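Data block for my_file_16.txt (compact mmCIF, C-alpha atoms and all ligand atoms):
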# COMPACT_ATOMS: atom_id res chain seq x y z
CA MET K 623 78.24 112.92 95.42
CA LYS K 624 81.43 114.19 93.85
CA ALA K 625 84.09 111.54 93.27
CA MET K 626 87.32 111.21 91.31
CA LEU K 627 87.13 108.12 89.09
CA LEU K 628 89.87 106.14 87.38
CA ASP K 629 88.29 104.62 84.25
CA ALA K 630 91.39 102.80 83.00
CA PRO K 631 95.13 102.72 83.71
CA GLY K 632 97.04 105.66 82.34
CA MET K 633 93.96 107.90 82.19
CA PRO K 634 93.68 111.05 84.28
CA LEU K 635 91.11 110.79 87.07
CA ARG K 636 87.68 112.10 86.10
CA LEU K 637 85.57 114.29 88.40
CA ALA K 638 82.10 112.72 88.35
CA ASP K 639 78.73 112.90 90.04
CA VAL K 640 77.91 109.41 91.30
CA PRO K 641 75.25 108.07 93.67
CA VAL K 642 76.08 108.23 97.39
CA PRO K 643 76.89 104.58 98.27
CA GLU K 644 74.56 102.68 100.60
CA PRO K 645 76.09 100.49 103.33
CA VAL K 646 75.10 96.83 103.17
CA ALA K 647 75.18 94.41 106.12
CA GLY K 648 78.40 94.80 108.08
CA GLN K 649 79.38 98.09 106.46
CA VAL K 650 79.51 101.66 107.63
CA ARG K 651 79.14 104.73 105.46
CA VAL K 652 81.61 107.50 106.21
CA LYS K 653 81.32 111.15 105.28
CA VAL K 654 84.89 111.75 104.13
CA SER K 655 86.72 114.72 105.58
CA ALA K 656 90.22 113.90 104.34
CA CYS K 657 91.97 111.29 102.20
CA GLY K 658 95.73 111.02 101.95
CA VAL K 659 97.48 110.57 98.61
CA CYS K 660 99.75 107.52 98.69
CA ARG K 661 102.37 106.38 96.19
CA THR K 662 100.29 103.23 95.73
CA ASP K 663 97.60 105.45 94.19
CA LEU K 664 100.13 106.29 91.48
CA HIS K 665 100.75 102.58 90.89
CA VAL K 666 96.98 102.03 90.63
CA ALA K 667 96.64 104.94 88.21
CA ASP K 668 99.59 103.72 86.12
CA GLY K 669 98.34 100.12 85.96
CA ASP K 670 101.38 98.70 87.78
CA LEU K 671 99.07 96.54 89.94
CA LYS K 672 97.37 93.72 88.12
CA HIS K 673 93.96 93.12 89.72
CA PRO K 674 92.10 96.44 89.73
CA LYS K 675 88.41 97.18 89.51
CA HIS K 676 87.48 99.80 86.88
CA PRO K 677 86.18 102.36 87.20
CA ILE K 678 87.59 102.74 90.70
CA ILE K 679 87.56 105.59 93.21
CA PRO K 680 91.18 105.59 94.51
CA GLY K 681 92.29 106.52 98.01
CA HIS K 682 93.03 104.39 101.06
CA GLU K 683 94.01 106.86 103.78
CA ILE K 684 90.46 107.89 104.61
CA VAL K 685 89.34 109.91 107.61
CA GLY K 686 85.71 110.72 108.17
CA ARG K 687 82.69 110.36 110.39
CA VAL K 688 80.26 107.49 110.39
CA ASP K 689 77.07 108.78 108.84
CA LYS K 690 75.09 105.57 108.29
CA LEU K 691 75.26 102.05 109.69
CA GLY K 692 74.54 98.97 107.61
CA PRO K 693 72.47 96.19 109.17
CA GLY K 694 74.19 94.38 112.04
CA VAL K 695 76.93 96.94 112.74
CA THR K 696 77.43 97.54 116.47
CA ARG K 697 81.12 98.43 116.48
CA PHE K 698 80.56 102.09 115.68
CA ALA K 699 77.94 104.75 116.33
CA LEU K 700 76.82 107.61 114.12
CA GLY K 701 79.30 110.48 114.30
CA ASP K 702 82.31 108.36 115.31
CA ARG K 703 85.57 109.47 113.74
CA VAL K 704 87.10 106.52 111.92
CA GLY K 705 89.97 105.70 109.60
CA ILE K 706 89.72 103.39 106.60
CA PRO K 707 93.01 101.81 105.46
CA TRP K 708 94.25 99.82 102.45
CA LEU K 709 93.20 96.43 103.86
CA GLY K 710 89.49 96.43 103.12
CA HIS K 711 88.61 92.75 103.37
CA THR K 712 90.15 89.34 103.96
CA CYS K 713 88.64 85.90 103.50
CA GLY K 714 89.23 84.60 107.03
CA ALA K 715 89.56 81.05 105.71
CA CYS K 716 92.80 80.75 103.72
CA PRO K 717 95.98 79.39 105.37
CA TYR K 718 97.38 82.91 105.81
CA CYS K 719 94.26 84.27 107.48
CA ARG K 720 94.09 81.24 109.77
CA ALA K 721 97.74 81.75 110.73
CA GLY K 722 97.22 85.39 111.74
CA ARG K 723 98.90 86.66 108.57
CA GLU K 724 95.86 88.27 106.98
CA ASN K 725 98.10 90.79 105.20
CA LEU K 726 98.98 87.89 102.88
CA CYS K 727 95.36 86.68 102.39
CA ASP K 728 94.74 84.73 99.17
CA ALA K 729 91.42 86.51 98.50
CA PRO K 730 91.78 90.04 99.84
CA GLY K 731 90.01 93.26 98.91
CA PHE K 732 91.96 96.50 98.96
CA THR K 733 90.54 99.97 99.39
CA GLY K 734 90.95 102.33 96.47
CA TYR K 735 92.04 99.47 94.21
CA GLN K 736 89.31 96.83 94.30
CA ILE K 737 86.90 98.57 96.69
CA ASP K 738 85.92 102.19 96.04
CA GLY K 739 88.03 104.47 98.22
CA GLY K 740 88.24 107.96 99.61
CA TYR K 741 88.74 110.30 96.64
CA ALA K 742 85.05 111.09 97.15
CA GLU K 743 82.61 112.77 99.51
CA TYR K 744 81.40 109.46 100.97
CA ALA K 745 82.77 105.95 101.21
CA VAL K 746 81.41 102.65 102.49
CA ALA K 747 83.66 100.12 104.21
CA ASP K 748 83.47 96.86 106.10
CA ALA K 749 83.17 98.00 109.73
CA ASP K 750 85.54 95.27 110.91
CA TYR K 751 88.35 96.86 108.86
CA CYS K 752 87.80 100.45 110.05
CA PHE K 753 89.51 101.92 113.09
CA PRO K 754 88.58 104.51 115.68
CA LEU K 755 91.16 107.30 115.49
CA PRO K 756 92.94 108.71 118.53
CA ASP K 757 92.13 112.25 119.61
CA GLY K 758 94.76 114.84 118.88
CA PRO K 759 95.55 115.16 115.21
CA GLY K 760 92.98 116.87 113.00
CA ASP K 761 91.37 114.96 110.15
CA VAL K 762 93.91 116.10 107.55
CA GLU K 763 96.83 115.38 109.88
CA ALA K 764 95.49 111.91 110.75
CA ALA K 765 95.05 110.76 107.14
CA PRO K 766 98.71 109.85 106.43
CA LEU K 767 98.77 107.62 109.50
CA LEU K 768 96.47 105.19 107.70
CA CYS K 769 98.95 103.96 105.12
CA ALA K 770 102.23 105.88 105.18
CA GLY K 771 102.28 105.51 108.95
CA LEU K 772 100.96 101.97 109.12
CA ILE K 773 103.14 100.47 106.40
CA GLY K 774 106.12 102.43 107.70
CA PHE K 775 105.48 101.01 111.17
CA ARG K 776 105.18 97.45 109.86
CA ALA K 777 108.43 97.93 107.90
CA LEU K 778 110.16 99.29 110.98
CA ARG K 779 109.06 96.28 113.03
CA MET K 780 110.62 93.99 110.42
CA ALA K 781 113.91 95.85 110.90
CA MET K 782 114.03 95.38 114.67
CA PRO K 783 116.08 94.96 116.76
CA CYS K 784 117.90 97.95 115.41
CA THR K 785 119.94 100.88 116.74
CA THR K 786 121.18 102.47 113.52
CA LEU K 787 118.48 102.69 110.85
CA GLY K 788 118.76 103.83 107.24
CA ILE K 789 115.69 105.26 105.50
CA TYR K 790 115.82 105.46 101.68
CA GLY K 791 113.27 107.81 100.14
CA PHE K 792 112.14 110.55 102.48
CA GLY K 793 108.45 110.93 101.66
CA ALA K 794 105.26 110.45 103.64
CA ALA K 795 106.14 107.08 105.20
CA ALA K 796 109.70 108.07 106.07
CA HIS K 797 108.72 111.31 107.77
CA ILE K 798 106.51 109.31 110.15
CA VAL K 799 108.96 106.43 110.64
CA ALA K 800 111.74 108.87 111.53
CA GLN K 801 109.64 110.13 114.44
CA VAL K 802 108.84 106.62 115.66
CA ALA K 803 112.49 105.56 115.30
CA ARG K 804 113.66 108.47 117.44
CA HIS K 805 110.97 107.67 120.02
CA GLU K 806 112.25 104.07 120.15
CA GLY K 807 115.82 105.28 120.74
CA MET K 808 117.17 104.52 117.27
CA ARG K 809 119.57 106.71 115.30
CA ALA K 810 118.07 107.32 111.87
CA PHE K 811 120.02 108.10 108.69
CA ALA K 812 118.03 109.55 105.80
CA PHE K 813 118.87 108.95 102.15
CA THR K 814 117.21 111.15 99.53
CA ARG K 815 117.54 111.73 95.81
CA PRO K 816 121.08 113.07 95.28
CA GLY K 817 121.08 116.83 95.70
CA ASP K 818 117.65 117.05 97.34
CA THR K 819 118.85 119.34 100.10
CA GLN K 820 115.29 120.33 101.01
CA ALA K 821 114.35 116.72 101.86
CA GLN K 822 117.65 116.29 103.71
CA MET K 823 116.95 119.38 105.82
CA PHE K 824 113.43 118.10 106.51
CA ALA K 825 114.87 114.75 107.65
CA ARG K 826 117.24 116.44 110.09
CA GLU K 827 114.40 118.58 111.45
CA LEU K 828 112.54 115.36 112.23
CA GLY K 829 115.42 114.00 114.26
CA CYS K 830 117.52 112.08 111.73
CA VAL K 831 121.16 112.23 112.86
CA TRP K 832 122.43 112.31 109.27
CA ALA K 833 120.96 112.97 105.84
CA GLY K 834 122.57 112.61 102.43
CA GLY K 835 122.15 111.36 98.89
CA SER K 836 121.22 107.73 98.23
CA GLU K 837 124.61 107.02 96.63
CA GLU K 838 126.49 108.18 99.74
CA ARG K 839 127.76 105.86 102.46
CA PRO K 840 126.52 106.74 105.96
CA PRO K 841 129.14 107.61 108.59
CA GLU K 842 128.32 104.41 110.54
CA ALA K 843 127.33 100.92 109.44
CA LEU K 844 123.57 100.41 109.65
CA ASP K 845 121.76 97.63 111.51
CA ALA K 846 118.91 97.85 109.04
CA ALA K 847 117.56 99.92 106.19
CA LEU K 848 114.05 100.65 104.97
CA ILE K 849 113.47 101.48 101.30
CA PHE K 850 110.32 103.47 100.55
CA ALA K 851 111.31 104.79 97.11
CA PRO K 852 110.14 102.46 94.28
CA VAL K 853 113.68 102.25 92.90
CA GLY K 854 115.28 98.79 92.55
CA PRO K 855 118.89 100.09 92.27
CA LEU K 856 118.57 101.25 95.90
CA VAL K 857 118.64 97.60 97.05
CA PRO K 858 122.38 97.00 96.42
CA LEU K 859 123.16 100.50 97.76
CA ALA K 860 121.30 99.74 100.99
CA LEU K 861 122.89 96.30 101.31
CA ALA K 862 126.31 97.93 101.02
CA ALA K 863 125.41 100.22 103.92
CA VAL K 864 124.12 97.56 106.37
CA ARG K 865 126.39 95.54 108.63
CA LYS K 866 126.62 91.72 108.75
CA GLY K 867 123.33 90.20 109.84
CA GLY K 868 121.49 93.37 108.85
CA THR K 869 118.13 93.58 107.13
CA VAL K 870 116.93 95.64 104.18
CA VAL K 871 113.13 96.03 104.20
CA LEU K 872 111.31 97.06 101.02
CA GLY K 873 108.21 99.02 101.96
CA GLY K 874 106.62 99.67 98.57
CA ILE K 875 104.01 97.64 96.71
CA HIS K 876 105.83 98.09 93.41
CA MET K 877 109.48 98.67 92.52
CA SER K 878 111.56 98.93 89.37
CA ASP K 879 113.77 95.88 88.72
CA VAL K 880 116.46 95.11 91.26
CA PRO K 881 119.74 95.03 89.31
CA ALA K 882 122.13 92.06 89.31
CA MET K 883 124.64 92.46 92.10
CA PRO K 884 127.67 90.70 93.55
CA TYR K 885 126.84 88.04 96.11
CA ASP K 886 129.28 89.74 98.49
CA LEU K 887 126.60 92.37 99.17
CA LEU K 888 124.26 89.71 100.56
CA TRP K 889 126.93 87.57 102.21
CA GLY K 890 127.24 87.79 105.99
CA GLU K 891 123.62 86.77 106.60
CA ARG K 892 122.24 90.02 105.32
CA VAL K 893 118.52 89.77 104.59
CA VAL K 894 116.36 91.45 101.93
CA ARG K 895 112.61 91.26 102.45
CA SER K 896 109.44 92.99 101.38
CA VAL K 897 106.56 94.16 103.53
CA ALA K 898 103.10 93.50 102.15
CA ASN K 899 99.95 95.32 103.24
CA LEU K 900 98.97 95.37 106.91
CA THR K 901 97.12 93.33 109.46
CA ARG K 902 94.39 94.82 111.58
CA GLN K 903 96.60 94.20 114.61
CA ASP K 904 99.28 96.44 113.01
CA ALA K 905 96.68 99.20 112.84
CA ILE K 906 95.59 98.74 116.45
CA ASP K 907 99.21 98.76 117.68
CA PHE K 908 100.27 101.72 115.55
CA LEU K 909 97.26 103.91 116.31
CA ALA K 910 97.87 103.31 120.02
CA LEU K 911 101.53 104.26 119.66
CA ALA K 912 100.97 107.40 117.53
CA PRO K 913 99.78 109.71 120.34
CA ARG K 914 102.54 108.49 122.66
CA VAL K 915 105.34 109.54 120.26
CA PRO K 916 103.50 111.85 119.51
CA ILE K 917 103.58 111.67 115.73
CA VAL K 918 103.16 115.06 114.09
CA THR K 919 102.50 114.69 110.37
CA HIS K 920 103.42 117.38 107.87
CA THR K 921 100.58 117.68 105.40
CA THR K 922 99.59 119.75 102.39
CA PRO K 923 95.80 119.79 101.94
CA MET K 924 94.43 120.09 98.41
CA PRO K 925 90.84 120.21 97.13
CA LEU K 926 89.44 116.81 96.08
CA ALA K 927 88.90 118.08 92.54
CA GLU K 928 92.67 118.66 92.22
CA ALA K 929 93.51 114.97 92.69
CA ASN K 930 95.31 114.80 89.32
CA GLU K 931 97.55 117.71 90.30
CA ALA K 932 98.21 116.01 93.65
CA LEU K 933 99.28 112.80 91.91
CA ALA K 934 101.51 114.80 89.56
CA ARG K 935 103.16 116.54 92.51
CA LEU K 936 103.78 113.21 94.21
CA ARG K 937 105.32 111.85 91.01
CA ARG K 938 107.63 114.87 90.77
CA GLY K 939 108.55 114.62 94.44
CA ASP K 940 107.41 118.23 94.74
CA LEU K 941 106.40 118.18 98.43
CA THR K 942 107.58 117.51 101.95
CA GLY K 943 105.51 115.14 104.05
CA ALA K 944 102.13 114.06 102.72
CA LEU K 945 99.45 115.39 100.37
CA VAL K 946 95.86 115.10 101.56
CA LEU K 947 92.69 115.61 99.49
CA VAL K 948 89.81 117.41 101.13
CA PRO K 949 86.25 117.41 99.76
CA GLU K 950 84.46 120.72 99.43
CA HIS K 951 82.19 120.10 102.45
CA ALA K 952 85.26 119.79 104.71
CA LEU K 953 87.32 122.70 103.37
ZN ZN Z 1 92.47 84.87 103.57
ZN ZN Z 2 99.20 103.44 100.68

Written form, structure tokens:
Amino acid sequence: MKAMLLDAPGMPLRLADVPVPEPVAGQVRVKVSACGVCRTDLHVADGDLKHPKHPIIPGHEIVGRVDKLGPGVTRFALGDRVGIPWLGHTCGACPYCRAGRENLCDAPGFTGYQIDGGYAEYAVADADYCFPLPDGPGDVEAAPLLCAGLIGFRALRMAMPCTTLGIYGFGAAAHIVAQVARHEGMRAFAFTRPGDTQAQMFARELGCVWAGGSEERPPEALDAALIFAPVGPLVPLALAAVRKGGTVVLGGIHMSDVPAMPYDLLWGERVVRSVANLTRQDAIDFLALAPRVPIVTHTTPMPLAEANEALARLRRGDLTGALVLVPEHAL
């Protein structure tokens, strides 16, 4: 099959012919029809994350159809449409897993980082970590739900209860969260790179009541803020915009250093917290909610072989919504 391989950090991905993977016990094989491009893929490619497998096939927003069952799999049938997310495996035995916090597992496996992912024509995955996808969105449109949507949803939950919500960085996650926030009756305020009027217009189209540059103060104090841009200096800016008792949730897996800041910004029981990975329950809850909103993702499909160009576009911020790679057989 055709796959895009990362041989080492800092290298461009390499288009390669590799054997179609065979599912072992407990796994399904999926014929990939779409795979979203997530900012985490950039962090994998750049070597910002410290425990990768190399070479690795990136991609953890995978949509496809089950095309082969490994021994013992009863959860899915051939032809089922499934999604494969970032959380590819947990140990089930560590204190976090036993406490229902498998997103913090001590011995996890992540798709497209330690387990080969979806920048390929086929992928195998542990069936217990795959999800049936709701009817409605097409394969390309469903792909961003599997990380941008899921992590955004988990971040939003951490911000609740909340009426006025700030969203810093208006990319794939934010454009989904804005729709959920409106559905939940929140008033969302979007913060973009200063001068990015296109992203600000996009945010207003999606129901945000205000959009401006990240250095601006919103017209009302915020109950909470979510930061999706990997930019540490946004933390004090967001803290300055949230009211007493408010929460700033950091939704990215990697961020530049958070600068020193006056304690006054944190005073008043303001909280700064990160969100790490997802639990399978997050996925079940979010995928049930998505058709009720209903979430409409804005996607730009690109051929699988153009994965390097897709990553470059994401780095430049040269898109609205989400980029999705499509293998030749699904074009
Ligand atoms: Zn564990
Ligand atoms: Zn992701």

Nearest residue to Gly740 (chain K) out of K:Trp708, K:Phe908, K:Phe824, K:Phe813, using all atoms listed in the file?
K:Trp708

So which residues are close to (86.7, 117.9, 106.6), meaning at most 12 Å away in the file's coordinates with only C-alpha atoms counted, and can you show them as a VMD selection string?
chain K and resid 652 to 657 684 to 687 703 742 to 744 760 to 765 923 to 926 946 to 953

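Compared by their closest atoms to ligand ZN 2 (chain Z), and using all atoms listed in the file, the residues K:Met623, K:Ala927, K:Ala800, K:Val666 rank with K:Val666 nearest.
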
Excluding region 861-871 of chain K and any residue of its chain fewer than 6 positions from it, enumerate the residues within 9 Å of it, using all atoms listed in the file, and give them as a VMD selection string.
chain K and resid 777 to 778 780 to 782 784 787 to 788 839 to 840 842 to 850 887 to 897

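Closest approach to ligand ZN 2 (chain Z) from the set K:Arg723, K:Arg697, K:His676, K:His682 is made by K:His682, with distances taken over only C-alpha atoms and all ligand atoms.
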
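Listed by chain and then residue number, the contacts of ligand ZN 2 (chain Z) are Cys660, Arg661, Thr662, Asp663, His682, Glu683, Trp708, Cys769 and Ala770 of chain K (distance at most 7 Å, using all atoms listed in the file).
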
Counting all atoms listed in the file, which of K:Pro717, K:Gly939, K:Gly807, K:Gly694 gets nearest to ligand ZN 1 (chain Z)?
K:Pro717

d(CA of Val918 (chain K), CA of Ile798 (chain K)) in Å:
7.7 Å

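For ligand ZN 1 (chain Z), the neighbouring protein, DNA and RNA residues, which are those within 7 Å when all atoms listed in the file are counted, are Thr712, Cys713, Gly714, Ala715, Cys716, Pro717, Tyr718, Cys719, Glu724, Cys727, Asp728, Ala729 and Pro730 of chain K.
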
Could you work out an axis-aligned box for region 685-689 of chain K, taking every atom the file lists and adding 3 Å on each side, and report centre and edge lengths in Å to one decimal, as AutoDock Vina command-line options?
--center_x 83.2 --center_y 109.1 --center_z 109.0 --size_x 18.3 --size_y 9.2 --size_z 8.8

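Residues in contact range of Pro674 (chain K), defined as at most 7 Å between all atoms listed in the file, with sequence neighbours fewer than 3 positions away removed, read Leu671, Tyr735 and Gln736 of chain K.
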
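CA of Asp904 (chain K) is found 22.4 Å from CA of Val695 (chain K).
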
Just give me the gap between CA of Thr919 (chain K) and CA of Leu856 (chain K) in Å, one decimal is fine.
25.5 Å

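With only C-alpha atoms as the atoms that count, the residue of K:Leu726, K:Ala745, K:Leu909, K:Ile679 with the shortest distance to Asp757 (chain K) is K:Leu909.
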